[in-house]
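Pasted below: my_file.cif, mmCIF, C-alpha atoms, pLDDT in the B column; chains and numbers go by the auth columns.
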data_query
loop_
_atom_site.group_PDB
_atom_site.id
_atom_site.type_symbol
_atom_site.label_atom_id
_atom_site.label_comp_id
_atom_site.label_asym_id
_atom_site.label_seq_id
_atom_site.Cartn_x
_atom_site.Cartn_y
_atom_site.Cartn_z
_atom_site.B_iso_or_equiv
_atom_site.auth_seq_id
_atom_site.auth_asym_id
ATOM 1 C CA MET A 1 50.760 51.420 -42.588 96.00 1 C
ATOM 2 C CA LYS A 2 48.018 52.953 -44.689 98.00 2 C
ATOM 3 C CA VAL A 3 44.719 51.337 -45.656 98.00 3 C
ATOM 4 C CA PHE A 4 42.635 52.837 -48.439 98.00 4 C
ATOM 5 C CA GLY A 5 38.939 52.004 -48.454 98.00 5 C
ATOM 6 C CA ILE A 6 36.740 52.448 -51.499 98.00 6 C
ATOM 7 C CA CYS A 7 32.976 52.528 -51.001 98.00 7 C
ATOM 8 C CA GLY A 8 31.389 51.704 -54.347 98.00 8 C
ATOM 9 C CA SER A 9 27.886 52.771 -53.353 97.00 9 C
ATOM 10 C CA PRO A 10 26.269 55.765 -55.054 94.00 10 C
ATOM 11 C CA ARG A 11 24.514 56.458 -51.731 94.00 11 C
ATOM 12 C CA ALA A 12 25.957 57.343 -48.325 93.00 12 C
ATOM 13 C CA SER A 13 24.083 54.586 -46.514 95.00 13 C
ATOM 14 C CA THR A 14 24.593 50.916 -45.607 96.00 14 C
ATOM 15 C CA THR A 15 27.817 50.116 -47.492 97.00 15 C
ATOM 16 C CA GLU A 16 29.431 53.335 -46.344 97.00 16 C
ATOM 17 C CA TYR A 17 28.383 52.571 -42.760 97.00 17 C
ATOM 18 C CA VAL A 18 30.132 49.185 -42.928 98.00 18 C
ATOM 19 C CA ILE A 19 33.391 50.393 -44.485 98.00 19 C
ATOM 20 C CA LYS A 20 33.606 53.316 -42.047 98.00 20 C
ATOM 21 C CA ASN A 21 33.185 50.795 -39.238 98.00 21 C
ATOM 22 C CA ALA A 22 36.032 48.702 -40.687 98.00 22 C
ATOM 23 C CA LEU A 23 38.342 51.705 -41.097 98.00 23 C
ATOM 24 C CA ASN A 24 37.600 52.902 -37.551 98.00 24 C
ATOM 25 C CA LYS A 25 38.585 49.494 -36.180 98.00 25 C
ATOM 26 C CA LEU A 26 41.836 49.654 -38.163 98.00 26 C
ATOM 27 C CA GLU A 27 42.555 53.155 -36.867 98.00 27 C
ATOM 28 C CA ASN A 28 42.089 51.863 -33.325 98.00 28 C
ATOM 29 C CA ASN A 29 44.845 49.340 -34.126 97.00 29 C
ATOM 30 C CA ASP A 30 47.272 52.054 -35.283 97.00 30 C
ATOM 31 C CA PHE A 31 46.641 51.974 -39.037 98.00 31 C
ATOM 32 C CA GLU A 32 46.344 55.163 -41.042 98.00 32 C
ATOM 33 C CA THR A 33 43.154 55.053 -43.105 98.00 33 C
ATOM 34 C CA GLU A 34 41.578 56.973 -45.948 98.00 34 C
ATOM 35 C CA LEU A 35 38.054 56.566 -47.350 98.00 35 C
ATOM 36 C CA PHE A 36 36.862 57.296 -50.865 98.00 36 C
ATOM 37 C CA SER A 37 33.090 57.188 -51.178 98.00 37 C
ATOM 38 C CA CYS A 38 31.461 57.192 -54.609 97.00 38 C
ATOM 39 C CA ALA A 39 28.452 59.041 -53.176 97.00 39 C
ATOM 40 C CA GLY A 40 28.307 62.432 -54.836 96.00 40 C
ATOM 41 C CA LYS A 41 31.410 61.775 -56.948 97.00 41 C
ATOM 42 C CA ILE A 42 31.872 61.696 -60.691 96.00 42 C
ATOM 43 C CA ILE A 43 33.641 58.561 -61.935 97.00 43 C
ATOM 44 C CA LYS A 44 33.236 58.197 -65.673 97.00 44 C
ATOM 45 C CA ALA A 45 33.576 54.875 -67.478 96.00 45 C
ATOM 46 C CA CYS A 46 36.902 53.880 -69.015 97.00 46 C
ATOM 47 C CA MET A 47 36.929 54.460 -72.777 95.00 47 C
ATOM 48 C CA HIS A 48 39.843 52.051 -73.296 94.00 48 C
ATOM 49 C CA CYS A 49 41.277 54.680 -75.635 96.00 49 C
ATOM 50 C CA ASP A 50 44.938 53.890 -74.804 95.00 50 C
ATOM 51 C CA TYR A 51 45.678 57.538 -74.006 97.00 51 C
ATOM 52 C CA CYS A 52 47.160 56.400 -70.681 96.00 52 C
ATOM 53 C CA LEU A 53 49.580 54.011 -72.381 95.00 53 C
ATOM 54 C CA VAL A 54 51.253 56.897 -74.198 96.00 54 C
ATOM 55 C CA ASN A 55 50.752 59.780 -71.736 97.00 55 C
ATOM 56 C CA LYS A 56 51.023 57.881 -68.422 95.00 56 C
ATOM 57 C CA LYS A 57 47.772 59.384 -67.149 95.00 57 C
ATOM 58 C CA CYS A 58 44.061 59.048 -67.808 96.00 58 C
ATOM 59 C CA ILE A 59 42.503 61.351 -70.382 97.00 59 C
ATOM 60 C CA ILE A 60 39.429 61.753 -68.150 97.00 60 C
ATOM 61 C CA ASP A 61 39.637 64.471 -65.487 96.00 61 C
ATOM 62 C CA ASP A 62 37.202 63.590 -62.689 97.00 62 C
ATOM 63 C CA ASP A 63 37.158 62.406 -59.073 97.00 63 C
ATOM 64 C CA MET A 64 39.238 59.351 -59.985 97.00 64 C
ATOM 65 C CA SER A 65 42.353 61.454 -59.309 95.00 65 C
ATOM 66 C CA HIS A 66 41.808 60.919 -55.558 96.00 66 C
ATOM 67 C CA VAL A 67 41.609 57.166 -56.097 97.00 67 C
ATOM 68 C CA TYR A 68 44.848 57.083 -58.128 97.00 68 C
ATOM 69 C CA GLU A 69 46.752 58.957 -55.445 96.00 69 C
ATOM 70 C CA ASN A 70 45.519 56.836 -52.554 98.00 70 C
ATOM 71 C CA LEU A 71 45.914 53.490 -54.324 97.00 71 C
ATOM 72 C CA GLN A 72 49.577 54.279 -54.854 96.00 72 C
ATOM 73 C CA GLU A 73 50.150 55.274 -51.218 97.00 73 C
ATOM 74 C CA ALA A 74 48.199 52.414 -49.636 98.00 74 C
ATOM 75 C CA ASP A 75 49.613 49.214 -48.188 98.00 75 C
ATOM 76 C CA GLY A 76 46.136 47.699 -47.891 98.00 76 C
ATOM 77 C CA ILE A 77 43.019 48.195 -50.002 98.00 77 C
ATOM 78 C CA ILE A 78 39.425 47.481 -48.995 98.00 78 C
ATOM 79 C CA LEU A 79 36.792 47.312 -51.716 98.00 79 C
ATOM 80 C CA ALA A 80 33.240 47.638 -50.388 98.00 80 C
ATOM 81 C CA THR A 81 30.280 47.305 -52.713 98.00 81 C
ATOM 82 C CA PRO A 82 26.548 47.104 -52.530 97.00 82 C
ATOM 83 C CA VAL A 83 25.320 44.044 -54.365 96.00 83 C
ATOM 84 C CA GLN A 84 23.641 45.311 -57.525 94.00 84 C
ATOM 85 C CA SER A 85 22.217 43.007 -60.205 92.00 85 C
ATOM 86 C CA GLY A 86 23.953 40.084 -58.507 92.00 86 C
ATOM 87 C CA GLY A 87 27.426 41.658 -58.510 95.00 87 C
ATOM 88 C CA ILE A 88 29.398 44.827 -57.819 98.00 88 C
ATOM 89 C CA SER A 89 28.138 48.367 -58.351 97.00 89 C
ATOM 90 C CA SER A 90 28.719 50.143 -61.660 97.00 90 C
ATOM 91 C CA ASN A 91 30.693 52.759 -59.707 97.00 91 C
ATOM 92 C CA LEU A 92 33.182 50.197 -58.442 98.00 92 C
ATOM 93 C CA ALA A 93 33.386 48.557 -61.882 98.00 93 C
ATOM 94 C CA ALA A 94 34.335 51.931 -63.390 98.00 94 C
ATOM 95 C CA ILE A 95 37.042 52.423 -60.755 98.00 95 C
ATOM 96 C CA MET A 96 38.448 48.973 -61.471 98.00 96 C
ATOM 97 C CA ASP A 97 38.545 49.636 -65.216 97.00 97 C
ATOM 98 C CA ARG A 98 40.129 53.053 -64.785 97.00 98 C
ATOM 99 C CA THR A 99 42.979 51.571 -62.733 96.00 99 C
ATOM 100 C CA ARG A 100 44.492 50.694 -66.109 94.00 100 C
ATOM 101 C CA ALA A 101 45.955 54.214 -66.165 95.00 101 C
ATOM 102 C CA LEU A 102 48.019 53.457 -63.033 94.00 102 C
ATOM 103 C CA GLU A 103 49.530 50.369 -64.567 91.00 103 C
ATOM 104 C CA ALA A 104 50.406 52.356 -67.669 94.00 104 C
ATOM 105 C CA ILE A 105 52.759 54.264 -65.353 94.00 105 C
ATOM 106 C CA ASP A 106 54.187 51.115 -63.769 94.00 106 C
ATOM 107 C CA TYR A 107 52.889 47.592 -64.296 89.00 107 C
ATOM 108 C CA ASN A 108 53.937 46.636 -60.749 94.00 108 C
ATOM 109 C CA LEU A 109 52.470 49.665 -58.981 94.00 109 C
ATOM 110 C CA LEU A 110 49.831 47.717 -57.039 97.00 110 C
ATOM 111 C CA ARG A 111 51.680 44.412 -56.688 97.00 111 C
ATOM 112 C CA GLY A 112 52.176 43.093 -53.182 97.00 112 C
ATOM 113 C CA LYS A 113 49.511 45.235 -51.534 98.00 113 C
ATOM 114 C CA ILE A 114 46.918 43.423 -49.408 98.00 114 C
ATOM 115 C CA GLY A 115 43.250 43.423 -50.480 98.00 115 C
ATOM 116 C CA MET A 116 40.009 42.786 -48.639 98.00 116 C
ATOM 117 C CA SER A 117 36.412 42.583 -49.871 98.00 117 C
ATOM 118 C CA ILE A 118 33.133 43.727 -48.321 98.00 118 C
ATOM 119 C CA ALA A 119 29.742 42.995 -49.916 97.00 119 C
ATOM 120 C CA VAL A 120 26.459 44.453 -48.687 97.00 120 C
ATOM 121 C CA GLY A 121 23.309 42.831 -50.053 94.00 121 C
ATOM 122 C CA GLY A 122 19.735 43.953 -49.642 89.00 122 C
ATOM 123 C CA ASP A 123 18.767 40.271 -49.848 85.00 123 C
ATOM 124 C CA ARG A 124 20.417 37.390 -48.020 80.00 124 C
ATOM 125 C CA THR A 125 21.129 35.473 -51.227 81.00 125 C
ATOM 126 C CA GLY A 126 21.310 38.308 -53.730 81.00 126 C
ATOM 127 C CA GLY A 127 24.830 37.824 -55.093 90.00 127 C
ATOM 128 C CA ALA A 128 27.315 38.673 -52.328 93.00 128 C
ATOM 129 C CA ASP A 129 29.604 35.803 -53.353 94.00 129 C
ATOM 130 C CA PHE A 130 29.693 37.041 -56.945 96.00 130 C
ATOM 131 C CA ALA A 131 30.533 40.553 -55.730 97.00 131 C
ATOM 132 C CA HIS A 132 33.380 39.143 -53.590 97.00 132 C
ATOM 133 C CA LEU A 133 34.668 37.079 -56.505 97.00 133 C
ATOM 134 C CA LYS A 134 34.787 40.143 -58.749 98.00 134 C
ATOM 135 C CA ASN A 135 36.737 42.054 -56.074 98.00 135 C
ATOM 136 C CA ILE A 136 39.092 39.104 -55.602 98.00 136 C
ATOM 137 C CA THR A 137 39.566 38.769 -59.370 98.00 137 C
ATOM 138 C CA TYR A 138 40.460 42.462 -59.519 98.00 138 C
ATOM 139 C CA PHE A 139 43.016 41.958 -56.747 98.00 139 C
ATOM 140 C CA MET A 140 44.575 38.973 -58.494 97.00 140 C
ATOM 141 C CA ILE A 141 44.800 40.679 -61.887 95.00 141 C
ATOM 142 C CA HIS A 142 46.694 43.579 -60.333 96.00 142 C
ATOM 143 C CA GLY A 143 48.973 41.513 -58.106 96.00 143 C
ATOM 144 C CA ILE A 144 47.175 42.510 -54.910 98.00 144 C
ATOM 145 C CA ILE A 145 47.093 39.691 -52.341 98.00 145 C
ATOM 146 C CA PRO A 146 43.433 38.879 -51.528 98.00 146 C
ATOM 147 C CA VAL A 147 42.511 38.010 -47.950 97.00 147 C
ATOM 148 C CA SER A 148 39.405 36.224 -46.707 94.00 148 C
ATOM 149 C CA GLY A 149 38.089 35.830 -43.196 93.00 149 C
ATOM 150 C CA GLY A 150 38.758 32.102 -43.210 89.00 150 C
ATOM 151 C CA PRO A 151 36.598 29.041 -43.819 87.00 151 C
ATOM 152 C CA PHE A 152 33.953 29.609 -41.148 84.00 152 C
ATOM 153 C CA GLY A 153 31.465 32.210 -42.337 80.00 153 C
ATOM 154 C CA SER A 154 33.752 34.701 -44.064 90.00 154 C
ATOM 155 C CA ASN A 155 35.052 32.527 -46.871 92.00 155 C
ATOM 156 C CA LEU A 156 35.453 35.318 -49.432 96.00 156 C
ATOM 157 C CA GLY A 157 35.235 38.408 -47.247 97.00 157 C
ATOM 158 C CA ALA A 158 32.821 40.279 -45.009 96.00 158 C
ATOM 159 C CA SER A 159 29.180 39.812 -46.054 95.00 159 C
ATOM 160 C CA PHE A 160 26.188 41.784 -44.841 95.00 160 C
ATOM 161 C CA TRP A 161 22.423 41.563 -45.199 93.00 161 C
ATOM 162 C CA SER A 162 21.143 45.118 -45.007 92.00 162 C
ATOM 163 C CA LYS A 163 17.500 44.571 -46.013 91.00 163 C
ATOM 164 C CA ASP A 164 18.119 47.949 -47.718 88.00 164 C
ATOM 165 C CA SER A 165 17.978 49.703 -44.368 92.00 165 C
ATOM 166 C CA LEU A 166 20.642 51.459 -42.298 92.00 166 C
ATOM 167 C CA ASP A 167 18.794 50.423 -39.119 94.00 167 C
ATOM 168 C CA ASP A 168 18.784 46.759 -40.176 93.00 168 C
ATOM 169 C CA ILE A 169 22.457 46.643 -41.111 94.00 169 C
ATOM 170 C CA LYS A 170 23.314 47.926 -37.642 95.00 170 C
ATOM 171 C CA LYS A 171 21.463 44.860 -36.298 95.00 171 C
ATOM 172 C CA ASP A 172 23.319 42.391 -38.550 95.00 172 C
ATOM 173 C CA GLU A 173 25.443 40.747 -35.861 95.00 173 C
ATOM 174 C CA TYR A 174 26.523 37.917 -38.148 93.00 174 C
ATOM 175 C CA GLY A 175 27.705 40.442 -40.739 95.00 175 C
ATOM 176 C CA MET A 176 29.749 42.247 -38.078 96.00 176 C
ATOM 177 C CA GLU A 177 31.266 38.923 -37.010 96.00 177 C
ATOM 178 C CA SER A 178 32.272 38.274 -40.632 96.00 178 C
ATOM 179 C CA LEU A 179 33.795 41.751 -40.753 97.00 179 C
ATOM 180 C CA ASP A 180 35.795 41.174 -37.574 97.00 180 C
ATOM 181 C CA ARG A 181 37.104 37.809 -38.835 97.00 181 C
ATOM 182 C CA THR A 182 38.122 39.292 -42.174 98.00 182 C
ATOM 183 C CA LEU A 183 39.725 42.343 -40.573 98.00 183 C
ATOM 184 C CA MET A 184 41.754 40.084 -38.275 97.00 184 C
ATOM 185 C CA GLU A 185 43.185 38.199 -41.258 97.00 185 C
ATOM 186 C CA PHE A 186 43.683 41.455 -43.178 98.00 186 C
ATOM 187 C CA GLU A 187 45.688 42.926 -40.292 98.00 187 C
ATOM 188 C CA ASN A 188 47.706 39.723 -39.924 97.00 188 C
ATOM 189 C CA PHE A 189 48.644 39.818 -43.612 97.00 189 C
ATOM 190 C CA LEU A 190 49.549 43.509 -43.472 98.00 190 C
ATOM 191 C CA ARG A 191 51.797 43.019 -40.438 96.00 191 C
ATOM 192 C CA LYS A 192 53.414 39.888 -41.877 95.00 192 C
ATOM 193 C CA TYR A 193 53.957 40.842 -45.504 94.00 193 C
ATOM 194 C CA ILE A 194 54.253 44.646 -45.589 90.00 194 C
#

Would you give me this structure, written as structure tokens?
Amino acid sequence: MKVFGICGSPRASTTEYVIKNALNKLENNDFETELFSCAGKIIKACMHCDYCLVNKKCIIDDDMSHVYENLQEADGIILATPVQSGGISSNLAAIMDRTRALEAIDYNLLRGKIGMSIAVGGDRTGGADFAHLKNITYFMIHGIIPVSGGPFGSNLGASFWSKDSLDDIKKDEYGMESLDRTLMEFENFLRKYI
């Protein structure tokens, strides 16, 4: 089974560290993984021009082509975002909006895949839950089955407190526990429903 991870951070730092950690753990459990990092990539905003509805592809030619390909191939999808302005990054929001072009090809293209959320906040209470809820809403809109880590500390997904430092996120033991709980449920769903 293939898991596609999207890192919505414009920097190759804390959020990318966490999602790479998650994908490595999945690889160790015999999953094929692929990472798309927004760092250094060009993802333009959706113009909602309806070009995709007629032509079955997006009018914009940028790095989103890699996302389209991997979303279609994946059985599981992990969305990882830094918490920015109390929610998801603008990079991840653009990716979500641009997914419209995939559904112009086939409305059911993403249905039945399994989705997992990771939120990395510089502050402990800076909006991680809102970021998770946006990821979960995206999953639900597209028919992707959202998975949490359960009711004890990973209610909506894996949450981290980075203090805006790569060194500090590596010390966030509670965040890693939330990641492990969420990954366990994610794997269980993949093995049961895919």

Hits of the PyMOL selection byres ((chain C and resi 163-167) around 12) in this structure, as a PDB file with C-alpha atoms, keeping the file's coordinate frame:
ATOM      1  CA  ARG C  11      24.514  56.458 -51.731  1.00 94.00           C
ATOM      2  CA  ALA C  12      25.957  57.343 -48.325  1.00 93.00           C
ATOM      3  CA  SER C  13      24.083  54.586 -46.514  1.00 95.00           C
ATOM      4  CA  THR C  14      24.593  50.916 -45.607  1.00 96.00           C
ATOM      5  CA  THR C  15      27.817  50.116 -47.492  1.00 97.00           C
ATOM      6  CA  GLU C  16      29.431  53.335 -46.344  1.00 97.00           C
ATOM      7  CA  TYR C  17      28.383  52.571 -42.760  1.00 97.00           C
ATOM      8  CA  VAL C  18      30.132  49.185 -42.928  1.00 98.00           C
ATOM      9  CA  PRO C  82      26.548  47.104 -52.530  1.00 97.00           C
ATOM     10  CA  VAL C  83      25.320  44.044 -54.365  1.00 96.00           C
ATOM     11  CA  GLN C  84      23.641  45.311 -57.525  1.00 94.00           C
ATOM     12  CA  VAL C 120      26.459  44.453 -48.687  1.00 97.00           C
ATOM     13  CA  GLY C 121      23.309  42.831 -50.053  1.00 94.00           C
ATOM     14  CA  GLY C 122      19.735  43.953 -49.642  1.00 89.00           C
ATOM     15  CA  ASP C 123      18.767  40.271 -49.848  1.00 85.00           C
ATOM     16  CA  ARG C 124      20.417  37.390 -48.020  1.00 80.00           C
ATOM     17  CA  THR C 125      21.129  35.473 -51.227  1.00 81.00           C
ATOM     18  CA  GLY C 126      21.310  38.308 -53.730  1.00 81.00           C
ATOM     19  CA  PHE C 160      26.188  41.784 -44.841  1.00 95.00           C
ATOM     20  CA  TRP C 161      22.423  41.563 -45.199  1.00 93.00           C
ATOM     21  CA  SER C 162      21.143  45.118 -45.007  1.00 92.00           C
ATOM     22  CA  ASP C 168      18.784  46.759 -40.176  1.00 93.00           C
ATOM     23  CA  ILE C 169      22.457  46.643 -41.111  1.00 94.00           C
ATOM     24  CA  LYS C 170      23.314  47.926 -37.642  1.00 95.00           C
ATOM     25  CA  LYS C 171      21.463  44.860 -36.298  1.00 95.00           C
ATOM     26  CA  ASP C 172      23.319  42.391 -38.550  1.00 95.00           C
TER      27      ASP C 172
END

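Here the question is which of C:Gly5, C:Asn70, C:Gly115, C:Met96 gets nearest to Ile43 of chain C using only C-alpha atoms, and that residue is C:Met96.
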
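Coordinates place atom CA of Lys192 of chain C at a distance of 18.8 Å from atom CA of Met140 of chain C.
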
* To do: Would you please work out which residue, of C:Leu156, C:Lys44, C:Asn29, C:Leu190, is nearest to Asp97 of chain C when using all atoms listed in the file?
  =>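 That would be C:Lys44, the residue with the smallest distance to Asp97 of chain C.
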
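Running the PyMOL selection byres ((chain C and resi 49) around 12) on this file leaves Ala45, Cys46, Met47, His48, Asp50, Tyr51, Cys52, Leu53, Val54, Asn55, Lys57, Cys58, Ile59, Ile60, Asp97, Arg98, Arg100 and Ala101 of chain C selected.
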
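As for atom CA of Asp62 of chain C and atom CA of Phe4 of chain C, they are spaced 18.7 Å apart.
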
Can segment 35-46 of chain C be brought up to all heavy atoms and written out as a PDB file, keeping the file's coordinate frame?
ATOM      1  N   LEU C  35      39.267  57.072 -46.714  1.00 98.00           N
ATOM      2  CA  LEU C  35      38.054  56.566 -47.350  1.00 98.00           C
ATOM      3  C   LEU C  35      37.744  57.375 -48.603  1.00 98.00           C
ATOM      4  O   LEU C  35      37.791  58.606 -48.586  1.00 98.00           O
ATOM      5  CB  LEU C  35      36.865  56.656 -46.397  1.00 98.00           C
ATOM      6  CG  LEU C  35      35.483  56.326 -46.990  1.00 98.00           C
ATOM      7  CD1 LEU C  35      35.411  54.870 -47.426  1.00 98.00           C
ATOM      8  CD2 LEU C  35      34.377  56.650 -45.995  1.00 98.00           C
ATOM      9  N   PHE C  36      37.427  56.668 -49.674  1.00 98.00           N
ATOM     10  CA  PHE C  36      36.862  57.296 -50.865  1.00 98.00           C
ATOM     11  C   PHE C  36      35.466  56.733 -51.045  1.00 98.00           C
ATOM     12  O   PHE C  36      35.300  55.533 -51.251  1.00 98.00           O
ATOM     13  CB  PHE C  36      37.697  57.016 -52.122  1.00 98.00           C
ATOM     14  CG  PHE C  36      37.129  57.648 -53.355  1.00 98.00           C
ATOM     15  CD1 PHE C  36      37.429  58.960 -53.678  1.00 98.00           C
ATOM     16  CD2 PHE C  36      36.263  56.949 -54.181  1.00 98.00           C
ATOM     17  CE1 PHE C  36      36.898  59.558 -54.800  1.00 98.00           C
ATOM     18  CE2 PHE C  36      35.718  57.527 -55.310  1.00 98.00           C
ATOM     19  CZ  PHE C  36      36.036  58.850 -55.620  1.00 98.00           C
ATOM     20  N   SER C  37      34.472  57.593 -50.966  1.00 98.00           N
ATOM     21  CA  SER C  37      33.090  57.188 -51.178  1.00 98.00           C
ATOM     22  C   SER C  37      32.636  57.681 -52.547  1.00 98.00           C
ATOM     23  O   SER C  37      32.884  58.831 -52.918  1.00 98.00           O
ATOM     24  CB  SER C  37      32.195  57.792 -50.091  1.00 98.00           C
ATOM     25  OG  SER C  37      30.835  57.528 -50.386  1.00 98.00           O
ATOM     26  N   CYS C  38      31.976  56.816 -53.290  1.00 97.00           N
ATOM     27  CA  CYS C  38      31.461  57.192 -54.609  1.00 97.00           C
ATOM     28  C   CYS C  38      30.236  58.105 -54.517  1.00 97.00           C
ATOM     29  O   CYS C  38      29.855  58.711 -55.517  1.00 97.00           O
ATOM     30  CB  CYS C  38      31.108  55.948 -55.415  1.00 97.00           C
ATOM     31  SG  CYS C  38      32.554  55.040 -56.002  1.00 97.00           S
ATOM     32  N   ALA C  39      29.640  58.197 -53.338  1.00 97.00           N
ATOM     33  CA  ALA C  39      28.452  59.041 -53.176  1.00 97.00           C
ATOM     34  C   ALA C  39      28.807  60.491 -53.513  1.00 97.00           C
ATOM     35  O   ALA C  39      29.736  61.068 -52.949  1.00 97.00           O
ATOM     36  CB  ALA C  39      27.929  58.942 -51.751  1.00 97.00           C
ATOM     37  N   GLY C  40      28.098  61.042 -54.451  1.00 96.00           N
ATOM     38  CA  GLY C  40      28.307  62.432 -54.836  1.00 96.00           C
ATOM     39  C   GLY C  40      29.523  62.683 -55.708  1.00 96.00           C
ATOM     40  O   GLY C  40      29.856  63.830 -56.004  1.00 96.00           O
ATOM     41  N   LYS C  41      30.201  61.629 -56.132  1.00 97.00           N
ATOM     42  CA  LYS C  41      31.410  61.775 -56.948  1.00 97.00           C
ATOM     43  C   LYS C  41      31.108  61.476 -58.412  1.00 97.00           C
ATOM     44  O   LYS C  41      30.137  60.810 -58.739  1.00 97.00           O
ATOM     45  CB  LYS C  41      32.507  60.814 -56.470  1.00 97.00           C
ATOM     46  CG  LYS C  41      32.892  60.937 -55.011  1.00 97.00           C
ATOM     47  CD  LYS C  41      33.662  62.189 -54.732  1.00 97.00           C
ATOM     48  CE  LYS C  41      34.333  62.207 -53.369  1.00 97.00           C
ATOM     49  NZ  LYS C  41      33.610  61.624 -52.269  1.00 97.00           N
ATOM     50  N   ILE C  42      31.974  61.977 -59.266  1.00 96.00           N
ATOM     51  CA  ILE C  42      31.872  61.696 -60.691  1.00 96.00           C
ATOM     52  C   ILE C  42      33.022  60.768 -61.077  1.00 96.00           C
ATOM     53  O   ILE C  42      34.192  61.146 -60.989  1.00 96.00           O
ATOM     54  CB  ILE C  42      31.930  62.983 -61.527  1.00 96.00           C
ATOM     55  CG1 ILE C  42      30.732  63.877 -61.200  1.00 96.00           C
ATOM     56  CG2 ILE C  42      31.965  62.659 -63.018  1.00 96.00           C
ATOM     57  CD1 ILE C  42      30.800  65.252 -61.809  1.00 96.00           C
ATOM     58  N   ILE C  43      32.677  59.544 -61.447  1.00 97.00           N
ATOM     59  CA  ILE C  43      33.641  58.561 -61.935  1.00 97.00           C
ATOM     60  C   ILE C  43      33.123  58.085 -63.288  1.00 97.00           C
ATOM     61  O   ILE C  43      32.186  57.286 -63.361  1.00 97.00           O
ATOM     62  CB  ILE C  43      33.797  57.352 -60.979  1.00 97.00           C
ATOM     63  CG1 ILE C  43      34.201  57.801 -59.575  1.00 97.00           C
ATOM     64  CG2 ILE C  43      34.787  56.345 -61.552  1.00 97.00           C
ATOM     65  CD1 ILE C  43      35.607  58.326 -59.452  1.00 97.00           C
ATOM     66  N   LYS C  44      33.697  58.573 -64.334  1.00 97.00           N
ATOM     67  CA  LYS C  44      33.236  58.197 -65.673  1.00 97.00           C
ATOM     68  C   LYS C  44      33.806  56.832 -66.069  1.00 97.00           C
ATOM     69  O   LYS C  44      34.827  56.402 -65.547  1.00 97.00           O
ATOM     70  CB  LYS C  44      33.653  59.256 -66.685  1.00 97.00           C
ATOM     71  CG  LYS C  44      32.984  60.600 -66.441  1.00 97.00           C
ATOM     72  CD  LYS C  44      33.432  61.625 -67.449  1.00 97.00           C
ATOM     73  CE  LYS C  44      32.791  62.973 -67.144  1.00 97.00           C
ATOM     74  NZ  LYS C  44      33.286  64.034 -68.040  1.00 97.00           N
ATOM     75  N   ALA C  45      33.147  56.196 -67.003  1.00 96.00           N
ATOM     76  CA  ALA C  45      33.576  54.875 -67.478  1.00 96.00           C
ATOM     77  C   ALA C  45      34.861  54.983 -68.293  1.00 96.00           C
ATOM     78  O   ALA C  45      35.092  55.984 -68.984  1.00 96.00           O
ATOM     79  CB  ALA C  45      32.480  54.247 -68.323  1.00 96.00           C
ATOM     80  N   CYS C  46      35.691  53.960 -68.201  1.00 97.00           N
ATOM     81  CA  CYS C  46      36.902  53.880 -69.015  1.00 97.00           C
ATOM     82  C   CYS C  46      36.517  53.759 -70.483  1.00 97.00           C
ATOM     83  O   CYS C  46      35.620  52.987 -70.843  1.00 97.00           O
ATOM     84  CB  CYS C  46      37.725  52.662 -68.590  1.00 97.00           C
ATOM     85  SG  CYS C  46      39.242  52.426 -69.533  1.00 97.00           S
TER      86      CYS C  46
END
